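Below is one structure, written out as structure tokens; comments come after it.
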Amino acid sequence: MTRTAVIVDAIRSPMARGKAPRDGRPGGALSSLHPSDLLGQVLRQLFERTRVDPGEVDDVITGCVSQVGEQSGPIGRWAWLGAGLPEHVPSVTVHRACGSSQQAADFGAQAIIAGAYDVIVASGVESMSRVPMFASRQGSDPFGTAANARYAPGFVPQGVSAELIAARWKLDREALDEYSARSHERAIAADMADEIAPITLPDGTVVDQDETPRPGTTVEKLGQLKPSFHSREMAERFPEIGWRITPGNSSQLTDGAAAMLIMSEERANQLGLRPRARFHAFGLASDDPITMLTGPIPATEKALRRSGLALDDIDHYEVNEAFAPVPLAWAQHFGADLARLNPRGGAIALGHPLGASGARLMTSMLRGLETTGGRYGLQTMCEAGGMANATIIERL
């Protein structure tokens, strides 16, 4: 018998600016909360919403990128225990860079399809206010002698990779800023209430709305921002770059968490649950680690081949907005309908809590399909080193 993996529910925390308090200035809305407690509140509310016995869960697969300090160790385990959930349920932490919690969902769904599990939680968390990006490197070289030698004169920051994509796909500054302003407009217009789990802070304050979308964002205002990644060294190495990437057309550093309850369709039926979607196809690919952010293109091609679908069959595309050139180059390559691309806003507006973004995107995509009556959704994430995941789900 063919087994099917289905999504029973998916929720996320509000997205908050990943800004630590300093010099008497306030931090982001969730910066006072330990990342384990942030994820724990989302996990607890996932089971309160579904009324499923959490003891049914075979594994909690958790994405987290900066696995150091307060995010070190099996953070999903600490979050689960802190939420008062059953001790006998194990957890494992996944690092596939920005796609970590999308990979958590894919691993869980694939294990269910294979018959290894019946019920899993796929989750992710990142507190970028408390554990800054690259904190795990602590000034060290993560690449090693051989990899550096192969790609001499060396790897580049992701922002430079975004600049290369903008240059190669001929995406000018105005196109990037127009796309970015639209991300904010769409996020503000979308009704996110059903997908957000309110978060209670240590002082009793409840945060139940996204902090990150900025009303009044315009192309003109974004056009006043200066490029972020220009350097003499990179300008000499890549003379084709026009230096168009700014804080306004890049994803925001963010605190957030998300969680999904995934089961075999048979187990969901036994428990009297109505699945919201099923996993239809998966794709995983890598591309040039210097351009780095183009992996969603071959990953999407692989997922479409495996599904037997064409892109026109897909009603909703989520292409993570790490930088505006990433979804725009993807859309240009496939001739995609921009109205279906991140229609509820993306990481430029909502933010990119690294380990949580994959599950956050899938939560938003699921809700978007239900809102519009669409059938298929495709999600893809660019990841460090040129990697990318693509996942196709079918609304039920």
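For the structure tokens, the naming scheme is as follows: chains receive sequential letters (A, B, ...) according to their order of presentation, residues are indexed from 1 within each chain, and ligands are indexed from 1 in presentation order.
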- Item | DSSP strand (DSSP E) selection over segment 136-375 of chain A, as a VMD selection string | chain A and resid 199 to 200 206 to 207 254 to 264 277 to 286 316 to 319
Just-selected residues, C-alpha atoms written as a PDB file, in the first residue's frame:
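What landed in again_16.pdb:
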ATOM      1  CA  ILE A 199       3.588  34.589  22.196  1.00  0.00           C
ATOM      2  CA  THR A 200       3.701  35.596  25.867  1.00  0.00           C
ATOM      3  CA  VAL A 206       1.412  39.122  24.488  1.00  0.00           C
ATOM      4  CA  VAL A 207       2.795  39.540  20.972  1.00  0.00           C
ATOM      5  CA  THR A 254      14.312  38.230  12.513  1.00  0.00           C
ATOM      6  CA  ASP A 255      13.269  36.272  15.588  1.00  0.00           C
ATOM      7  CA  GLY A 256      10.656  33.583  14.962  1.00  0.00           C
ATOM      8  CA  ALA A 257       9.528  29.980  15.241  1.00  0.00           C
ATOM      9  CA  ALA A 258       7.142  27.688  13.357  1.00  0.00           C
ATOM     10  CA  ALA A 259       5.839  24.137  13.694  1.00  0.00           C
ATOM     11  CA  MET A 260       3.879  21.643  11.610  1.00  0.00           C
ATOM     12  CA  LEU A 261       2.059  18.442  12.600  1.00  0.00           C
ATOM     13  CA  ILE A 262       2.595  15.823   9.886  1.00  0.00           C
ATOM     14  CA  MET A 263       1.116  12.286   9.815  1.00  0.00           C
ATOM     15  CA  SER A 264       0.425   9.371   7.595  1.00  0.00           C
ATOM     16  CA  ALA A 277      -2.645  19.103   2.544  1.00  0.00           C
ATOM     17  CA  ARG A 278      -0.458  16.251   1.383  1.00  0.00           C
ATOM     18  CA  PHE A 279       3.167  16.177   0.310  1.00  0.00           C
ATOM     19  CA  HIS A 280       3.270  15.662  -3.440  1.00  0.00           C
ATOM     20  CA  ALA A 281       6.933  15.852  -4.510  1.00  0.00           C
ATOM     21  CA  PHE A 282      10.408  16.838  -3.337  1.00  0.00           C
ATOM     22  CA  GLY A 283      13.496  18.210  -5.058  1.00  0.00           C
ATOM     23  CA  LEU A 284      16.958  18.858  -3.687  1.00  0.00           C
ATOM     24  CA  ALA A 285      19.779  20.390  -5.733  1.00  0.00           C
ATOM     25  CA  SER A 286      23.025  22.351  -5.586  1.00  0.00           C
ATOM     26  CA  HIS A 316       1.045  29.398  -5.306  1.00  0.00           C
ATOM     27  CA  TYR A 317       4.840  29.801  -5.401  1.00  0.00           C
ATOM     28  CA  GLU A 318       6.912  30.525  -2.301  1.00  0.00           C
ATOM     29  CA  VAL A 319      10.487  31.424  -3.257  1.00  0.00           C
TER      30      VAL A 319
END
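Counting only C-alpha atoms, the residue from A:Met128, A:Leu378, A:Met234, A:Ile196 that sits nearest to Gly69 of chain A is A:Met128.
Between atom CA of Val326 of chain A and atom CA of Gly308 of chain A there is a distance of 24.6 Å.
With only C-alpha atoms as the atoms that count, the residue of A:Trp80, A:Ala135, A:Lys302, A:Asp59 with the shortest distance to Phe107 of chain A is A:Asp59.
Atom pair atom CA of Val156 of chain A / atom CA of Arg173 of chain A has a distance of 20.8 Å (rounded to one decimal).
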What lies within 10 Å of Ala329 of chain A using only C-alpha atoms, ignoring chain neighbours under 5 positions off, as a CSV table (one decimal) with N, CA and C atoms, in the first residue's frame?
chain,number,residue,atom,x,y,z
A,165,ILE,N,23.8,37.7,-9.2
A,165,ILE,CA,22.5,37.3,-9.8
A,165,ILE,C,21.8,38.5,-10.5
A,166,ALA,N,21.8,39.6,-9.8
A,166,ALA,CA,21.2,40.8,-10.4
A,166,ALA,C,21.9,41.2,-11.6
A,168,ARG,N,23.7,39.2,-13.7
A,168,ARG,CA,23.6,38.2,-14.8
A,168,ARG,C,22.2,38.1,-15.3
A,169,TRP,N,21.2,38.5,-14.5
A,169,TRP,CA,19.8,38.4,-15.0
A,169,TRP,C,19.3,39.9,-15.4
A,170,LYS,N,20.3,40.8,-15.3
A,170,LYS,CA,19.9,42.2,-15.8
A,170,LYS,C,18.8,42.8,-15.0
A,171,LEU,N,18.8,42.6,-13.7
A,171,LEU,CA,17.8,43.2,-12.8
A,171,LEU,C,18.3,44.5,-12.2
A,293,LEU,N,23.0,31.5,-4.8
A,293,LEU,CA,21.6,31.6,-4.5
A,293,LEU,C,20.7,31.2,-5.7
A,294,THR,N,21.3,30.5,-6.7
A,294,THR,CA,20.5,30.1,-7.8
A,294,THR,C,20.0,28.6,-7.7
A,296,PRO,N,17.5,27.3,-6.2
A,296,PRO,CA,16.1,27.0,-6.4
A,296,PRO,C,15.7,26.7,-7.8
A,297,ILE,N,16.5,27.1,-8.8
A,297,ILE,CA,16.1,26.8,-10.2
A,297,ILE,C,16.2,25.3,-10.5
A,324,ALA,N,16.1,40.2,-3.1
A,324,ALA,CA,15.1,40.4,-4.2
A,324,ALA,C,15.5,39.7,-5.5
A,334,PHE,N,11.7,30.7,-15.3
A,334,PHE,CA,10.5,29.9,-15.6
A,334,PHE,C,9.4,30.6,-16.3
A,335,GLY,N,9.5,31.9,-16.5
A,335,GLY,CA,8.4,32.6,-17.0
A,335,GLY,C,7.2,32.6,-16.1
- Message: When you count only C-alpha atoms, which of these residues is closest to Glu211 of chain A: A:Thr62, A:Gln110, A:Gln252, A:Ser32?
- Response: A:Gln252
